[in-house]
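Trainee: One structure, as structure tokens, below. Some questions next.
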Amino acid sequence: MKKFHKCFLLVMILTVTGIITACKDSNEGASGSGNQNLSLLTGGTGGTYYPLGGQIGKIISDKTKANITPQTSGASAENMETLRVGEAEIAFSQTDIAAYAIEGTEMFDGKPIDNIMAISSLYPETVQIVTTAKSGIKSIEDLKGKKVSVGAPGSGAYINAMQILEIHGLSEKDIKGQNLSFDESTEGIQAGNIDAAFITAGTPTGAVEALSVQNDILVLPIADDKIQALVKKYPYYAEDTIPSGTYKIKSEVKTVAVKAMLVVTKDLDEDLVYEMTKAVYENTDQITHAKGKFLTAKTALEGLGDMEVHPGAAKYFKEKGVSK
């Protein structure tokens, strides 16, 4: 009987100890002092967010107490909505789309998202209006009556497409709009199902590179006066140039760009966000993607406008002498 009591007591002690340990681990994770599993929302596999997000996620996982899981998504607008409902903690976005989310305008009309902050801007996201030489399309005006992919519904590319068409005196009614992802867009051009596509992503974009293997790519230029009109009305844009040789194009193409950025939920621990920001910007040499060269602390707060920077990220950039 005494042996039974001793065994019973030992089992109870081990059980209570296990419960205490589990609670401790859980609390540490919630406070940011222990390992945390976090989701990083990227975009489609044919864009820039997904491959770059994989590399950024690995750096953060290797250098901090956060375990980052990159996830494919419908990109900017969908990412903001996912952060709104608390189903992820970090996300890629276009700067203009994040601003619309905070302001409650455009696709977020009347429904602002109030639980997000900026970590930093990353690199220019170029608006690429892609077609092929055999399409006969040589200008944006030539898109009238054509089958044109304007991006996934509610995506940043869709808003860019509508604004650029507007500046050229066109609207969605003037084209046969198709709501396709980047991969679907280039596959559609390859198959002859569509004539052109709006793709907003860092260059070179994987989906467009794949298309250029078997096709003579054309990227439609935007004239100087149209660029000026666009920037005046929508100040998140900046003039950009796609260099010759990209996608085997023979001459450079003048267009516009917005910026890619990292967004985080407000309630993420300040110390953890500091460590994450530090990890990324002090290990950019480990980013092999072409856009890695644009990631510098010096330019990390450019293009964010009035967006509030998370205190953890702000602390790191202040140490580096960088402010908005």
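Residues in the structure tokens are numbered from 1 in each chain, the chains being A, B, ... in the order shown, and ligands are numbered from 1 in the order shown.
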Extract, using only C-alpha atoms, all DNA, RNA and protein residues at most 6 Å from A:Ile90, discarding same-chain residues fewer than 6 positions from it, and format them as a PyMOL selection string.
Mentor: chain A and resi 40+263-264
Trainee: Could you please take those selected residues and save N, CA, C and O atoms as an mmCIF file, in the first residue's frame?
Mentor:
data_model
loop_
_atom_site.group_PDB
_atom_site.id
_atom_site.type_symbol
_atom_site.label_atom_id
_atom_site.label_comp_id
_atom_site.auth_asym_id
_atom_site.auth_seq_id
_atom_site.Cartn_x
_atom_site.Cartn_y
_atom_site.Cartn_z
ATOM 1 N N LEU A 40 4.113 34.705 -42.309
ATOM 2 C CA LEU A 40 4.493 35.806 -43.192
ATOM 3 C C LEU A 40 3.740 35.635 -44.502
ATOM 4 O O LEU A 40 4.003 34.708 -45.270
ATOM 5 N N VAL A 263 4.523 44.815 -43.464
ATOM 6 C CA VAL A 263 3.524 45.302 -42.518
ATOM 7 C C VAL A 263 3.420 44.289 -41.383
ATOM 8 O O VAL A 263 3.579 43.082 -41.598
ATOM 9 N N VAL A 264 3.140 44.779 -40.182
ATOM 10 C CA VAL A 264 3.059 43.898 -39.016
ATOM 11 C C VAL A 264 1.856 44.310 -38.169
ATOM 12 O O VAL A 264 1.419 45.464 -38.220
#
Trainee: Under the rule of at most 12 Å, produce a per-residue listing of stretch 199-279 of chain A near stretch 182-193 of chain A: chain, number, name, the closest pair of atoms, and the distance in Å, as a tab-separated table, using only C-alpha atoms.
Mentor:
residue	atom	partner	partner_atom	distance
A:Ile199	CA	A:Phe182	CA	6.5
A:Thr200	CA	A:Phe182	CA	8.8
A:Ala201	CA	A:Phe182	CA	9.3
A:Thr205	CA	A:Phe182	CA	9.0
A:Gly206	CA	A:Asp183	CA	8.6
A:Ala207	CA	A:Asp183	CA	5.4
A:Val208	CA	A:Thr186	CA	6.4
A:Glu209	CA	A:Thr186	CA	9.4
A:Ala210	CA	A:Thr186	CA	8.1
A:Leu211	CA	A:Thr186	CA	6.1
A:Ser212	CA	A:Thr186	CA	9.4
A:Val213	CA	A:Gln190	CA	10.5
A:Gln214	CA	A:Gln190	CA	8.3
A:Asn215	CA	A:Gln190	CA	7.8
A:Asp216	CA	A:Gln190	CA	10.8
A:Ile217	CA	A:Ile189	CA	10.4
A:Leu218	CA	A:Ile189	CA	11.7
Trainee: What parts of stretch 70-284 of chain A does DSSP call alpha helix (DSSP H)? I'd like the answer as an mmCIF file with N, CA and C atoms, in the first residue's frame.
Mentor:
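Output contents, as saved in part.cif:
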data_model
loop_
_atom_site.group_PDB
_atom_site.id
_atom_site.type_symbol
_atom_site.label_atom_id
_atom_site.label_comp_id
_atom_site.auth_asym_id
_atom_site.auth_seq_id
_atom_site.Cartn_x
_atom_site.Cartn_y
_atom_site.Cartn_z
ATOM 1 N N SER A 76 -1.246 41.927 -51.775
ATOM 2 C CA SER A 76 -1.424 43.088 -50.897
ATOM 3 C C SER A 76 -2.780 43.208 -50.204
ATOM 4 N N ALA A 77 -3.860 43.368 -50.979
ATOM 5 C CA ALA A 77 -5.171 43.628 -50.370
ATOM 6 C C ALA A 77 -5.621 42.448 -49.510
ATOM 7 N N GLU A 78 -5.457 41.254 -50.025
ATOM 8 C CA GLU A 78 -5.831 40.064 -49.251
ATOM 9 C C GLU A 78 -4.978 39.966 -47.990
ATOM 10 N N ASN A 79 -3.708 40.299 -48.094
ATOM 11 C CA ASN A 79 -2.831 40.251 -46.934
ATOM 12 C C ASN A 79 -3.299 41.186 -45.821
ATOM 13 N N MET A 80 -3.722 42.393 -46.204
ATOM 14 C CA MET A 80 -4.197 43.348 -45.208
ATOM 15 C C MET A 80 -5.443 42.831 -44.498
ATOM 16 N N GLU A 81 -6.341 42.221 -45.240
ATOM 17 C CA GLU A 81 -7.557 41.667 -44.639
ATOM 18 C C GLU A 81 -7.228 40.500 -43.698
ATOM 19 N N THR A 82 -6.230 39.715 -44.064
ATOM 20 C CA THR A 82 -5.830 38.586 -43.214
ATOM 21 C C THR A 82 -5.229 39.084 -41.910
ATOM 22 N N LEU A 83 -4.447 40.168 -41.977
ATOM 23 C CA LEU A 83 -3.919 40.765 -40.754
ATOM 24 C C LEU A 83 -5.054 41.337 -39.912
ATOM 25 N N ARG A 84 -6.048 41.911 -40.567
ATOM 26 C CA ARG A 84 -7.184 42.499 -39.850
ATOM 27 C C ARG A 84 -7.832 41.483 -38.905
ATOM 28 N N THR A 95 2.982 49.810 -50.843
ATOM 29 C CA THR A 95 2.786 50.940 -49.938
ATOM 30 C C THR A 95 1.440 51.617 -50.161
ATOM 31 N N ASP A 96 0.998 51.707 -51.414
ATOM 32 C CA ASP A 96 -0.284 52.373 -51.675
ATOM 33 C C ASP A 96 -1.441 51.572 -51.087
ATOM 34 N N ILE A 97 -1.390 50.249 -51.191
ATOM 35 C CA ILE A 97 -2.477 49.412 -50.684
ATOM 36 C C ILE A 97 -2.524 49.462 -49.154
ATOM 37 N N ALA A 98 -1.365 49.430 -48.497
ATOM 38 C CA ALA A 98 -1.335 49.542 -47.041
ATOM 39 C C ALA A 98 -1.908 50.884 -46.591
ATOM 40 N N ALA A 99 -1.597 51.947 -47.341
ATOM 41 C CA ALA A 99 -2.137 53.267 -47.005
ATOM 42 C C ALA A 99 -3.652 53.287 -47.172
ATOM 43 N N TYR A 100 -4.157 52.687 -48.264
ATOM 44 C CA TYR A 100 -5.608 52.615 -48.456
ATOM 45 C C TYR A 100 -6.272 51.871 -47.300
ATOM 46 N N ALA A 101 -5.601 50.798 -46.821
ATOM 47 C CA ALA A 101 -6.156 49.996 -45.727
ATOM 48 C C ALA A 101 -6.282 50.830 -44.455
ATOM 49 N N ILE A 102 -5.239 51.587 -44.142
ATOM 50 C CA ILE A 102 -5.248 52.409 -42.936
ATOM 51 C C ILE A 102 -6.247 53.559 -43.056
ATOM 52 N N GLU A 103 -6.348 54.131 -44.254
ATOM 53 C CA GLU A 103 -7.254 55.264 -44.481
ATOM 54 C C GLU A 103 -8.705 54.841 -44.653
ATOM 55 N N GLY A 156 -3.397 44.849 -55.602
ATOM 56 C CA GLY A 156 -2.735 46.105 -55.893
ATOM 57 C C GLY A 156 -2.590 46.330 -57.377
ATOM 58 N N ALA A 157 -2.307 45.257 -58.114
ATOM 59 C CA ALA A 157 -2.160 45.379 -59.569
ATOM 60 C C ALA A 157 -3.459 45.875 -60.202
ATOM 61 N N TYR A 158 -4.592 45.449 -59.665
ATOM 62 C CA TYR A 158 -5.886 45.883 -60.205
ATOM 63 C C TYR A 158 -6.057 47.395 -60.044
ATOM 64 N N ILE A 159 -5.759 47.908 -58.853
ATOM 65 C CA ILE A 159 -5.866 49.352 -58.623
ATOM 66 C C ILE A 159 -4.912 50.101 -59.538
ATOM 67 N N ASN A 160 -3.677 49.619 -59.673
ATOM 68 C CA ASN A 160 -2.708 50.249 -60.574
ATOM 69 C C ASN A 160 -3.242 50.284 -62.003
ATOM 70 N N ALA A 161 -3.807 49.166 -62.440
ATOM 71 C CA ALA A 161 -4.336 49.091 -63.805
ATOM 72 C C ALA A 161 -5.437 50.117 -64.032
ATOM 73 N N MET A 162 -6.368 50.217 -63.076
ATOM 74 C CA MET A 162 -7.478 51.163 -63.226
ATOM 75 C C MET A 162 -6.976 52.609 -63.275
ATOM 76 N N GLN A 163 -5.984 52.929 -62.441
ATOM 77 C CA GLN A 163 -5.478 54.302 -62.391
ATOM 78 C C GLN A 163 -4.695 54.658 -63.645
ATOM 79 N N ILE A 164 -3.938 53.709 -64.170
ATOM 80 C CA ILE A 164 -3.168 53.978 -65.393
ATOM 81 C C ILE A 164 -4.088 54.068 -66.605
ATOM 82 N N LEU A 165 -5.083 53.209 -66.672
ATOM 83 C CA LEU A 165 -6.066 53.327 -67.756
ATOM 84 C C LEU A 165 -6.762 54.682 -67.697
ATOM 85 N N GLU A 166 -7.115 55.097 -66.495
ATOM 86 C CA GLU A 166 -7.810 56.385 -66.316
ATOM 87 C C GLU A 166 -6.991 57.548 -66.863
ATOM 88 N N ILE A 167 -5.690 57.562 -66.552
ATOM 89 C CA ILE A 167 -4.815 58.647 -67.010
ATOM 90 C C ILE A 167 -4.718 58.667 -68.538
ATOM 91 N N PHE A 182 -0.512 36.546 -61.557
ATOM 92 C CA PHE A 182 0.622 36.750 -62.458
ATOM 93 C C PHE A 182 0.892 35.499 -63.291
ATOM 94 N N ASP A 183 0.921 34.344 -62.634
ATOM 95 C CA ASP A 183 1.157 33.092 -63.359
ATOM 96 C C ASP A 183 0.074 32.840 -64.406
ATOM 97 N N GLU A 184 -1.181 33.042 -64.004
ATOM 98 C CA GLU A 184 -2.298 32.831 -64.927
ATOM 99 C C GLU A 184 -2.240 33.813 -66.091
ATOM 100 N N SER A 185 -1.778 35.030 -65.815
ATOM 101 C CA SER A 185 -1.675 36.052 -66.861
ATOM 102 C C SER A 185 -0.670 35.655 -67.933
ATOM 103 N N THR A 186 0.519 35.283 -67.501
ATOM 104 C CA THR A 186 1.549 34.929 -68.486
ATOM 105 C C THR A 186 1.210 33.619 -69.200
ATOM 106 N N GLU A 187 0.580 32.707 -68.479
ATOM 107 C CA GLU A 187 0.128 31.470 -69.130
ATOM 108 C C GLU A 187 -0.951 31.778 -70.171
ATOM 109 N N GLY A 188 -1.816 32.755 -69.855
ATOM 110 C CA GLY A 188 -2.861 33.163 -70.792
ATOM 111 C C GLY A 188 -2.300 33.807 -72.043
ATOM 112 N N ILE A 189 -1.256 34.633 -71.868
ATOM 113 C CA ILE A 189 -0.594 35.238 -73.023
ATOM 114 C C ILE A 189 0.075 34.158 -73.873
ATOM 115 N N GLN A 190 0.755 33.229 -73.211
ATOM 116 C CA GLN A 190 1.419 32.131 -73.903
ATOM 117 C C GLN A 190 0.430 31.312 -74.728
ATOM 118 N N ALA A 191 -0.748 31.053 -74.157
ATOM 119 C CA ALA A 191 -1.751 30.220 -74.835
ATOM 120 C C ALA A 191 -2.577 31.002 -75.854
ATOM 121 N N GLY A 206 9.364 36.506 -61.958
ATOM 122 C CA GLY A 206 9.501 35.113 -62.391
ATOM 123 C C GLY A 206 8.543 34.712 -63.486
ATOM 124 N N ALA A 207 7.275 35.088 -63.348
ATOM 125 C CA ALA A 207 6.269 34.693 -64.332
ATOM 126 C C ALA A 207 6.571 35.289 -65.701
ATOM 127 N N VAL A 208 7.062 36.541 -65.727
ATOM 128 C CA VAL A 208 7.376 37.200 -67.004
ATOM 129 C C VAL A 208 8.656 36.617 -67.592
ATOM 130 N N GLU A 209 9.609 36.301 -66.742
ATOM 131 C CA GLU A 209 10.832 35.648 -67.228
ATOM 132 C C GLU A 209 10.507 34.329 -67.909
ATOM 133 N N ALA A 210 9.598 33.564 -67.313
ATOM 134 C CA ALA A 210 9.206 32.283 -67.898
ATOM 135 C C ALA A 210 8.565 32.494 -69.270
ATOM 136 N N LEU A 211 7.747 33.547 -69.395
ATOM 137 C CA LEU A 211 7.094 33.849 -70.669
ATOM 138 C C LEU A 211 8.127 34.251 -71.727
ATOM 139 N N SER A 212 9.171 34.946 -71.302
ATOM 140 C CA SER A 212 10.163 35.455 -72.263
ATOM 141 C C SER A 212 11.039 34.357 -72.860
ATOM 142 N N ASP A 224 6.038 60.549 -70.672
ATOM 143 C CA ASP A 224 6.415 61.460 -69.584
ATOM 144 C C ASP A 224 5.229 62.261 -69.056
ATOM 145 N N ASP A 225 4.407 62.793 -69.962
ATOM 146 C CA ASP A 225 3.284 63.622 -69.507
ATOM 147 C C ASP A 225 2.256 62.793 -68.736
ATOM 148 N N LYS A 226 2.094 61.543 -69.114
ATOM 149 C CA LYS A 226 1.163 60.660 -68.407
ATOM 150 C C LYS A 226 1.720 60.293 -67.025
ATOM 151 N N ILE A 227 3.031 60.090 -66.959
ATOM 152 C CA ILE A 227 3.665 59.803 -65.667
ATOM 153 C C ILE A 227 3.466 60.984 -64.726
ATOM 154 N N GLN A 228 3.697 62.189 -65.218
ATOM 155 C CA GLN A 228 3.534 63.386 -64.396
ATOM 156 C C GLN A 228 2.102 63.529 -63.895
ATOM 157 N N ALA A 229 1.136 63.265 -64.788
ATOM 158 C CA ALA A 229 -0.283 63.362 -64.409
ATOM 159 C C ALA A 229 -0.637 62.311 -63.361
ATOM 160 N N LEU A 230 -0.086 61.113 -63.526
ATOM 161 C CA LEU A 230 -0.366 60.018 -62.595
ATOM 162 C C LEU A 230 0.209 60.325 -61.210
ATOM 163 N N VAL A 231 1.460 60.785 -61.168
ATOM 164 C CA VAL A 231 2.114 61.092 -59.894
ATOM 165 C C VAL A 231 1.411 62.253 -59.193
ATOM 166 N N LYS A 232 0.945 63.218 -59.964
ATOM 167 C CA LYS A 232 0.251 64.369 -59.369
ATOM 168 C C LYS A 232 -1.049 63.944 -58.700
ATOM 169 N N LYS A 233 -1.789 63.052 -59.353
ATOM 170 C CA LYS A 233 -3.088 62.632 -58.805
ATOM 171 C C LYS A 233 -2.938 61.543 -57.755
ATOM 172 N N GLU A 270 7.335 44.457 -28.984
ATOM 173 C CA GLU A 270 8.283 45.463 -29.465
ATOM 174 C C GLU A 270 9.700 44.917 -29.577
ATOM 175 N N ASP A 271 10.130 44.164 -28.579
ATOM 176 C CA ASP A 271 11.490 43.614 -28.619
ATOM 177 C C ASP A 271 11.659 42.627 -29.769
ATOM 178 N N LEU A 272 10.620 41.832 -30.006
ATOM 179 C CA LEU A 272 10.700 40.851 -31.084
ATOM 180 C C LEU A 272 10.764 41.544 -32.444
ATOM 181 N N VAL A 273 9.942 42.575 -32.642
ATOM 182 C CA VAL A 273 9.955 43.309 -33.918
ATOM 183 C C VAL A 273 11.306 43.995 -34.114
ATOM 184 N N TYR A 274 11.877 44.496 -33.024
ATOM 185 C CA TYR A 274 13.227 45.090 -33.100
ATOM 186 C C TYR A 274 14.231 44.046 -33.593
ATOM 187 N N GLU A 275 14.201 42.857 -32.978
ATOM 188 C CA GLU A 275 15.141 41.807 -33.357
ATOM 189 C C GLU A 275 14.914 41.348 -34.795
ATOM 190 N N MET A 276 13.666 41.259 -35.222
ATOM 191 C CA MET A 276 13.351 40.857 -36.586
ATOM 192 C C MET A 276 13.885 41.877 -37.588
ATOM 193 N N THR A 277 13.644 43.160 -37.298
ATOM 194 C CA THR A 277 14.098 44.230 -38.191
ATOM 195 C C THR A 277 15.615 44.233 -38.280
ATOM 196 N N LYS A 278 16.254 44.112 -37.135
ATOM 197 C CA LYS A 278 17.719 44.073 -37.089
ATOM 198 C C LYS A 278 18.256 42.883 -37.875
ATOM 199 N N ALA A 279 17.613 41.739 -37.712
ATOM 200 C CA ALA A 279 18.065 40.522 -38.405
ATOM 201 C C ALA A 279 18.050 40.709 -39.914
ATOM 202 N N VAL A 280 16.960 41.276 -40.421
ATOM 203 C CA VAL A 280 16.830 41.451 -41.870
ATOM 204 C C VAL A 280 17.876 42.417 -42.400
ATOM 205 N N TYR A 281 17.971 43.611 -41.766
ATOM 206 C CA TYR A 281 18.819 44.660 -42.327
ATOM 207 C C TYR A 281 20.308 44.474 -42.045
#
Trainee: Mind dumping a table of every stretch 112-158 of chain A residue within 7 Å of stretch 296-308 of chain A, with the nearest atom pair and its distance in Å to one decimal, using only C-alpha atoms, sorted by chain and rising number, as a tab-separated table?
Mentor:
residue	atom	partner	partner_atom	distance
A:Met117	CA	A:Glu308	CA	5.6
A:Ala118	CA	A:Glu308	CA	6.1
A:Ser120	CA	A:Ala300	CA	5.1
A:Ser121	CA	A:Ala300	CA	5.0
A:Leu122	CA	A:Ala300	CA	6.3
Trainee: Taking C-alpha atoms for each residue, export the selection above as an mmCIF file, in the first residue's frame.
Mentor:
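As a result, result16.cif now contains:
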data_model
loop_
_atom_site.group_PDB
_atom_site.id
_atom_site.type_symbol
_atom_site.label_atom_id
_atom_site.label_comp_id
_atom_site.auth_asym_id
_atom_site.auth_seq_id
_atom_site.Cartn_x
_atom_site.Cartn_y
_atom_site.Cartn_z
ATOM 1 C CA MET A 117 1.850 49.235 -38.652
ATOM 2 C CA ALA A 118 4.819 49.458 -40.984
ATOM 3 C CA SER A 120 9.825 49.229 -43.529
ATOM 4 C CA SER A 121 9.668 49.755 -47.249
ATOM 5 C CA LEU A 122 11.766 47.315 -49.257
#
Trainee: Report as a PyMOL selection string: the residues of stretch 34-188 of chain A with a DSSP assignment of strand (DSSP E or B), based on the backbone of this structure.
Mentor: chain A and resi 36-41+66-71+90-94+116-132+147-149+176-178
Trainee: Can you pull out the residues contacting A:Thr288? Cut-off 12 Å, using only C-alpha atoms, and skip same-chain residues under 5 positions away; I want them as a JSON list (two decimals) with C-alpha atoms, in the first residue's frame.
Mentor:
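Writing done, so here's result.json:
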[["chain", "number", "residue", "atom", "x", "y", "z"],
["A", 51, "PRO", "CA", 10.72, 33.91, -53.20],
["A", 52, "LEU", "CA", 11.96, 37.01, -51.35],
["A", 53, "GLY", "CA", 9.66, 36.24, -48.42],
["A", 54, "GLY", "CA", 11.17, 32.78, -48.16],
["A", 55, "GLN", "CA", 14.66, 34.24, -47.80],
["A", 56, "ILE", "CA", 13.61, 36.95, -45.35],
["A", 59, "ILE", "CA", 16.93, 34.98, -41.85],
["A", 283, "ASN", "CA", 22.01, 40.13, -42.95],
["A", 293, "LYS", "CA", 20.30, 44.91, -53.16],
["A", 294, "PHE", "CA", 17.55, 47.47, -52.48],
["A", 295, "LEU", "CA", 17.18, 46.51, -48.81]]
Trainee: Using only C-alpha atoms, can you tell me which of A:Ile249, A:Thr241, A:Gly47, A:Glu89 comes closest to A:Gly151?
Mentor: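 That would be A:Gly47, the residue with the smallest distance to A:Gly151.
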Trainee: Between A:Val256, A:Leu38, A:Ile222, A:Val148, which has the minimum distance to A:Ser61 (counting only C-alpha atoms)?
Mentor: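 Checking each of A:Val256, A:Leu38, A:Ile222, A:Val148 against A:Ser61, counting only C-alpha atoms, the winner is A:Leu38.
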Trainee: Rounded to one decimal place, report the atom CA of A:Ala196-atom CA of A:Pro124 distance in Å.
Mentor: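 The value is 21.8 Å.
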Trainee: Counting only C-alpha atoms, figure out which residue out of A:Tyr247, A:Thr132, A:Ala314, A:Gly86 gets nearest to A:Ile113.
Mentor: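 Nearest candidate to A:Ile113 out of A:Tyr247, A:Thr132, A:Ala314, A:Gly86: A:Gly86.
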Trainee: Work out how far apart atom CA of A:Thr48 and atom CA of A:Pro243 are and give it in Å to one decimal.
Mentor: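 Rounded to one decimal, the two atoms are 17.3 Å apart.
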